[in-house]
>>> print(open('final_7.pdb').read())   # PDB, C-alpha atoms
ATOM      1  CA  MET A 291      96.933  32.345 115.805
ATOM      2  CA  PRO A 292      94.256  35.014 116.296
ATOM      3  CA  GLU A 293      94.847  38.169 114.268
ATOM      4  CA  GLU A 294      94.701  40.428 117.360
ATOM      5  CA  ASP A 295      97.878  38.699 118.616
ATOM      6  CA  LEU A 296      99.820  39.932 115.577
ATOM      7  CA  VAL A 297     101.665  43.245 115.608
ATOM      8  CA  ASP A 298     103.016  45.086 112.545
ATOM      9  CA  ILE A 299     106.510  46.426 113.223
ATOM     10  CA  LYS A 300     108.707  48.559 110.987
ATOM     11  CA  PHE A 301     112.386  49.113 111.820
ATOM     12  CA  ARG A 302     113.795  52.601 111.157
ATOM     13  CA  LEU A 303     117.534  52.623 110.398
ATOM     14  CA  TYR A 304     120.114  55.338 111.101
ATOM     15  CA  ASP A 305     119.761  56.847 107.613
ATOM     16  CA  GLY A 306     115.965  57.094 107.736
ATOM     17  CA  SER A 307     115.301  54.013 105.599
ATOM     18  CA  ASP A 308     113.102  51.195 106.890
ATOM     19  CA  ILE A 309     113.134  47.419 107.135
ATOM     20  CA  GLY A 310     109.621  45.994 107.056
ATOM     21  CA  PRO A 311     106.891  46.178 108.101
ATOM     22  CA  PHE A 312     106.716  42.602 109.315
ATOM     23  CA  GLN A 313     104.036  40.873 111.381
ATOM     24  CA  TYR A 314     105.118  39.404 114.683
ATOM     25  CA  SER A 315     103.276  37.507 117.369
ATOM     26  CA  SER A 316     102.911  39.430 120.631
ATOM     27  CA  THR A 317     104.875  36.543 122.215
ATOM     28  CA  SER A 318     107.956  37.123 119.984
ATOM     29  CA  THR A 319     110.967  38.315 121.943
ATOM     30  CA  VAL A 320     113.059  41.417 121.279
ATOM     31  CA  ASP A 321     116.015  39.095 120.634
ATOM     32  CA  MET A 322     114.032  37.431 117.802
ATOM     33  CA  LEU A 323     113.394  40.875 116.276
ATOM     34  CA  LYS A 324     117.094  41.712 116.435
ATOM     35  CA  GLN A 325     118.032  38.457 114.704
ATOM     36  CA  ARG A 326     115.581  39.279 111.910
ATOM     37  CA  ILE A 327     117.090  42.763 111.536
ATOM     38  CA  VAL A 328     120.621  41.357 111.193
ATOM     39  CA  ALA A 329     119.412  38.763 108.653
ATOM     40  CA  ASP A 330     117.469  41.316 106.568
ATOM     41  CA  TRP A 331     119.970  44.214 106.836
ATOM     42  CA  PRO A 332     120.050  46.073 103.490
ATOM     43  CA  LYS A 333     123.171  45.675 101.340
ATOM     44  CA  GLY A 334     125.370  48.705 100.770
ATOM     45  CA  LYS A 335     124.937  50.375 104.171
ATOM     46  CA  THR A 336     128.072  51.876 105.741
ATOM     47  CA  ILE A 337     127.228  50.476 109.201
ATOM     48  CA  ILE A 338     126.447  46.760 109.273
ATOM     49  CA  PRO A 339     125.698  44.766 112.438
ATOM     50  CA  LYS A 340     127.543  41.441 112.594
ATOM     51  CA  ALA A 341     125.362  39.944 115.339
ATOM     52  CA  ALA A 342     122.104  40.618 117.192
ATOM     53  CA  ASN A 343     124.008  41.775 120.302
ATOM     54  CA  GLU A 344     125.277  44.795 118.308
ATOM     55  CA  VAL A 345     121.689  45.988 117.724
ATOM     56  CA  LYS A 346     119.647  48.107 120.128
ATOM     57  CA  LEU A 347     115.925  48.621 119.537
ATOM     58  CA  ILE A 348     114.243  51.770 120.779
ATOM     59  CA  SER A 349     110.477  52.148 121.018
ATOM     60  CA  SER A 350     108.715  55.123 122.593
ATOM     61  CA  GLY A 351     112.059  56.424 123.857
ATOM     62  CA  LYS A 352     112.985  53.219 125.702
ATOM     63  CA  ILE A 353     115.741  50.720 124.907
ATOM     64  CA  LEU A 354     114.078  47.309 124.710
ATOM     65  CA  GLU A 355     115.474  44.359 126.654
ATOM     66  CA  ASN A 356     116.183  41.087 124.797
ATOM     67  CA  ASN A 357     114.038  38.919 127.060
ATOM     68  CA  LYS A 358     110.907  41.102 126.764
ATOM     69  CA  THR A 359     108.134  40.116 124.384
ATOM     70  CA  VAL A 360     106.573  42.349 121.763
ATOM     71  CA  GLY A 361     103.395  42.339 123.854
ATOM     72  CA  GLN A 362     105.286  43.632 126.894
ATOM     73  CA  CYS A 363     107.013  46.383 124.876
ATOM     74  CA  LYS A 364     103.954  47.568 123.003
ATOM     75  CA  VAL A 365     102.738  50.915 124.263
ATOM     76  CA  PRO A 366      98.971  51.294 123.913
ATOM     77  CA  PHE A 367      98.356  53.945 121.249
ATOM     78  CA  GLY A 368      94.591  53.691 121.306
ATOM     79  CA  ASP A 369      94.045  51.447 118.367
ATOM     80  CA  ASN A 370      97.203  52.514 116.516
ATOM     81  CA  ALA A 371      94.969  53.373 113.552
ATOM     82  CA  GLY A 372      95.951  50.124 111.844
ATOM     83  CA  GLY A 373      99.516  51.346 111.252
ATOM     84  CA  ALA A 374     102.797  49.670 112.025
ATOM     85  CA  ILE A 375     104.747  50.358 115.199
ATOM     86  CA  ILE A 376     108.068  51.987 114.318
ATOM     87  CA  MET A 377     111.100  50.888 116.307
ATOM     88  CA  HIS A 378     114.394  52.714 115.868
ATOM     89  CA  VAL A 379     117.506  50.633 115.274
ATOM     90  CA  VAL A 380     120.887  51.630 116.717
ATOM     91  CA  VAL A 381     123.985  49.643 115.787
ATOM     92  CA  GLN A 382     126.565  49.567 118.550
ATOM     93  CA  PRO A 383     129.691  47.562 117.644
ATOM     94  CA  SER A 384     130.978  45.162 120.265
ATOM     95  CA  PRO A 385     133.647  46.614 122.622
ATOM     96  CA  ALA A 386     136.386  44.378 121.159
ATOM     97  CA  LYS A 387     135.765  45.826 117.687
ATOM     98  CA  ALA A 388     135.628  49.395 119.017
ATOM     99  CA  LYS A 389     139.040  48.985 120.755
ATOM    100  CA  ALA A 390     140.610  47.624 117.575
ATOM    101  CA  ALA A 391     139.429  50.579 115.491
TER     102      ALA A 391
END
>>> encode(input="final_7.pdb", output="structure tokens")
Amino acid sequence: MPEEDLVDIKFRLYDGSDIGPFQYSSTSTVDMLKQRIVADWPKGKTIIPKAANEVKLISSGKILENNKTVGQCKVPFGDNAGGAIIMHVVVQPSPAKAKAA
């Protein structure tokens, strides 16, 4: 895979801590990113997603759709100065869990 097809992404959590950065192909989907976030969620956090559908990713002020690829979501920042793209992570419990609480 050519190096220009790889994108460094860091995930910023609600408390300001980060997961990553990780390298993803520009053809990776947002759903794949969410699954990685759930799998690599740090231990000891007060809010913990149980599934990828409880995670929302925000990049450049936009909520990313599951079927979009990293390449489609990437906003051109010139050459990004070799840094990682930071995506904000919001955990939104499923409605069934919210009603039970």
>>> atom_distance(input="final_7.pdb", atom1="atom CA of Ile375 of chain A", atom2="atom CA of Thr336 of chain A")
25.2 Å
>>> closest_residue(input="final_7.pdb", among="A:Ile327, A:Val345, A:Asp295, A:Glu355", to="Asp308 of chain A", atoms="all atoms listed in the file")
A:Ile327
>>> residues_around(input="final_7.pdb", residues="Leu303 of chain A", least_positions_apart="3", cutoff="9 Å", atoms="all atoms listed in the file", output="JSON list (two decimals) with C-alpha atoms, keeping the file's coordinate frame")
[["chain", "number", "residue", "atom", "x", "y", "z"],
["A", 306, "GLY", "CA", 115.96, 57.09, 107.74],
["A", 307, "SER", "CA", 115.30, 54.01, 105.60],
["A", 308, "ASP", "CA", 113.10, 51.20, 106.89],
["A", 309, "ILE", "CA", 113.13, 47.42, 107.14],
["A", 377, "MET", "CA", 111.10, 50.89, 116.31],
["A", 378, "HIS", "CA", 114.39, 52.71, 115.87],
["A", 379, "VAL", "CA", 117.51, 50.63, 115.27],
["A", 380, "VAL", "CA", 120.89, 51.63, 116.72],
["A", 381, "VAL", "CA", 123.98, 49.64, 115.79]]
>>> residues_around(input="final_7.pdb", residues="Arg326 of chain A", least_positions_apart="6", cutoff="10 Å", atoms="only C-alpha atoms", output="list in words")
Ile309, Phe312, Val320 and Ala342 of chain A
>>> closest_residue(input="final_7.pdb", among="A:Arg302, A:Lys324, A:Asn357, A:Pro311", to="Pro339 of chain A", atoms="all atoms listed in the file")
A:Lys324
>>> residues_around(input="final_7.pdb", residues="Val360 of chain A", least_positions_apart="6", cutoff="12 Å", atoms="all atoms listed in the file", output="count of residues only")
23
>>> atom_distance(input="final_7.pdb", atom1="atom CA of Ser384 of chain A", atom2="atom CA of Tyr304 of chain A")
17.5 Å
>>> closest_residue(input="final_7.pdb", among="A:Ile348, A:Ala329, A:Gln362, A:Asn356", to="Ile376 of chain A", atoms="all atoms listed in the file")
A:Ile348
>>> atom_distance(input="final_7.pdb", atom1="atom CA of Asn343 of chain A", atom2="atom CA of Gln382 of chain A")
8.4 Å
>>> decode(input="final_7.pdb", residues="chain A", atoms="C-alpha atoms", output="mmCIF file, in the first residue's frame")
data_model
loop_
_atom_site.group_PDB
_atom_site.id
_atom_site.type_symbol
_atom_site.label_atom_id
_atom_site.label_comp_id
_atom_site.auth_asym_id
_atom_site.auth_seq_id
_atom_site.Cartn_x
_atom_site.Cartn_y
_atom_site.Cartn_z
ATOM 1 C CA MET A 291 0.000 0.000 0.000
ATOM 2 C CA PRO A 292 1.544 3.348 -0.973
ATOM 3 C CA GLU A 293 2.442 5.541 1.993
ATOM 4 C CA GLU A 294 0.370 8.492 0.697
ATOM 5 C CA ASP A 295 -2.760 6.338 1.172
ATOM 6 C CA LEU A 296 -2.104 6.110 4.920
ATOM 7 C CA VAL A 297 -3.536 8.646 7.348
ATOM 8 C CA ASP A 298 -2.448 9.138 10.976
ATOM 9 C CA ILE A 299 -5.477 9.566 13.235
ATOM 10 C CA LYS A 300 -5.578 10.308 16.951
ATOM 11 C CA PHE A 301 -8.832 10.001 18.916
ATOM 12 C CA ARG A 302 -9.473 12.637 21.605
ATOM 13 C CA LEU A 303 -11.663 11.395 24.473
ATOM 14 C CA TYR A 304 -14.078 13.355 26.677
ATOM 15 C CA ASP A 305 -11.454 13.909 29.393
ATOM 16 C CA GLY A 306 -8.792 15.243 27.022
ATOM 17 C CA SER A 307 -6.772 12.020 26.847
ATOM 18 C CA ASP A 308 -6.004 10.393 23.498
ATOM 19 C CA ILE A 309 -6.112 6.973 21.883
ATOM 20 C CA GLY A 310 -3.479 6.633 19.176
ATOM 21 C CA PRO A 311 -2.223 7.855 16.830
ATOM 22 C CA PHE A 312 -2.853 4.937 14.509
ATOM 23 C CA GLN A 313 -2.293 4.657 10.762
ATOM 24 C CA TYR A 314 -5.318 3.885 8.643
ATOM 25 C CA SER A 315 -5.789 3.380 4.939
ATOM 26 C CA SER A 316 -7.812 6.129 3.259
ATOM 27 C CA THR A 317 -10.263 3.340 2.301
ATOM 28 C CA SER A 318 -10.974 2.404 5.965
ATOM 29 C CA THR A 319 -14.532 3.176 7.000
ATOM 30 C CA VAL A 320 -15.660 5.263 9.968
ATOM 31 C CA ASP A 321 -17.309 2.115 11.355
ATOM 32 C CA MET A 322 -13.885 0.384 11.371
ATOM 33 C CA LEU A 323 -12.448 3.326 13.340
ATOM 34 C CA LYS A 324 -15.258 3.093 15.882
ATOM 35 C CA GLN A 325 -14.675 -0.634 16.370
ATOM 36 C CA ARG A 326 -10.992 0.066 17.034
ATOM 37 C CA ILE A 327 -11.906 2.748 19.589
ATOM 38 C CA VAL A 328 -14.199 0.362 21.490
ATOM 39 C CA ALA A 329 -11.517 -2.367 21.434
ATOM 40 C CA ASP A 330 -8.730 -0.026 22.612
ATOM 41 C CA TRP A 331 -10.792 2.007 25.131
ATOM 42 C CA PRO A 332 -8.588 2.799 28.159
ATOM 43 C CA LYS A 333 -9.362 0.973 31.413
ATOM 44 C CA GLY A 334 -10.631 2.988 34.357
ATOM 45 C CA LYS A 335 -12.695 5.561 32.443
ATOM 46 C CA THR A 336 -16.082 6.478 33.938
ATOM 47 C CA ILE A 337 -17.820 6.356 30.531
ATOM 48 C CA ILE A 338 -17.222 3.174 28.546
ATOM 49 C CA PRO A 339 -18.813 2.399 25.166
ATOM 50 C CA LYS A 340 -20.185 -1.143 24.925
ATOM 51 C CA ALA A 341 -20.459 -1.168 21.123
ATOM 52 C CA ALA A 342 -19.388 0.872 18.091
ATOM 53 C CA ASN A 343 -22.934 2.233 17.641
ATOM 54 C CA GLU A 344 -22.549 4.120 20.957
ATOM 55 C CA VAL A 345 -19.572 6.077 19.562
ATOM 56 C CA LYS A 346 -19.793 9.251 17.484
ATOM 57 C CA LEU A 347 -16.698 10.618 15.746
ATOM 58 C CA ILE A 348 -16.403 14.327 15.078
ATOM 59 C CA SER A 349 -13.846 15.804 12.700
ATOM 60 C CA SER A 350 -13.718 19.465 11.690
ATOM 61 C CA GLY A 351 -17.042 20.057 13.445
ATOM 62 C CA LYS A 352 -18.912 17.338 11.535
ATOM 63 C CA ILE A 353 -20.308 14.044 12.829
ATOM 64 C CA LEU A 354 -18.891 11.321 10.589
ATOM 65 C CA GLU A 355 -21.176 8.731 9.007
ATOM 66 C CA ASN A 356 -20.340 5.019 9.430
ATOM 67 C CA ASN A 357 -20.294 4.236 5.715
ATOM 68 C CA LYS A 358 -17.869 7.053 4.798
ATOM 69 C CA THR A 359 -14.198 6.290 4.277
ATOM 70 C CA VAL A 360 -11.311 8.085 5.932
ATOM 71 C CA GLY A 361 -10.446 9.535 2.524
ATOM 72 C CA GLN A 362 -13.938 11.007 2.165
ATOM 73 C CA CYS A 363 -13.862 12.510 5.680
ATOM 74 C CA LYS A 364 -10.382 13.965 5.484
ATOM 75 C CA VAL A 365 -10.441 17.729 5.173
ATOM 76 C CA PRO A 366 -7.477 19.049 3.192
ATOM 77 C CA PHE A 367 -5.256 20.950 5.632
ATOM 78 C CA GLY A 368 -2.560 21.796 3.131
ATOM 79 C CA ASP A 369 -0.092 19.095 3.895
ATOM 80 C CA ASN A 370 -1.131 18.687 7.541
ATOM 81 C CA ALA A 371 2.510 19.315 8.471
ATOM 82 C CA GLY A 372 3.045 15.587 8.973
ATOM 83 C CA GLY A 373 0.842 15.546 12.087
ATOM 84 C CA ALA A 374 -2.032 13.281 12.973
ATOM 85 C CA ILE A 375 -5.647 14.216 12.327
ATOM 86 C CA ILE A 376 -7.484 14.539 15.640
ATOM 87 C CA MET A 377 -11.027 13.204 15.775
ATOM 88 C CA HIS A 378 -13.153 13.835 18.851
ATOM 89 C CA VAL A 379 -14.956 10.880 20.395
ATOM 90 C CA VAL A 380 -18.422 11.230 21.934
ATOM 91 C CA VAL A 381 -19.984 8.274 23.733
ATOM 92 C CA GLN A 382 -23.755 8.215 23.460
ATOM 93 C CA PRO A 383 -25.353 5.242 25.253
ATOM 94 C CA SER A 384 -28.038 3.371 23.361
ATOM 95 C CA PRO A 385 -31.628 4.586 24.014
ATOM 96 C CA ALA A 386 -32.557 1.359 25.850
ATOM 97 C CA LYS A 387 -29.749 1.937 28.363
ATOM 98 C CA ALA A 388 -30.643 5.619 28.770
ATOM 99 C CA LYS A 389 -34.304 4.743 29.581
ATOM 100 C CA ALA A 390 -33.224 2.192 32.180
ATOM 101 C CA ALA A 391 -30.999 4.688 33.994
#
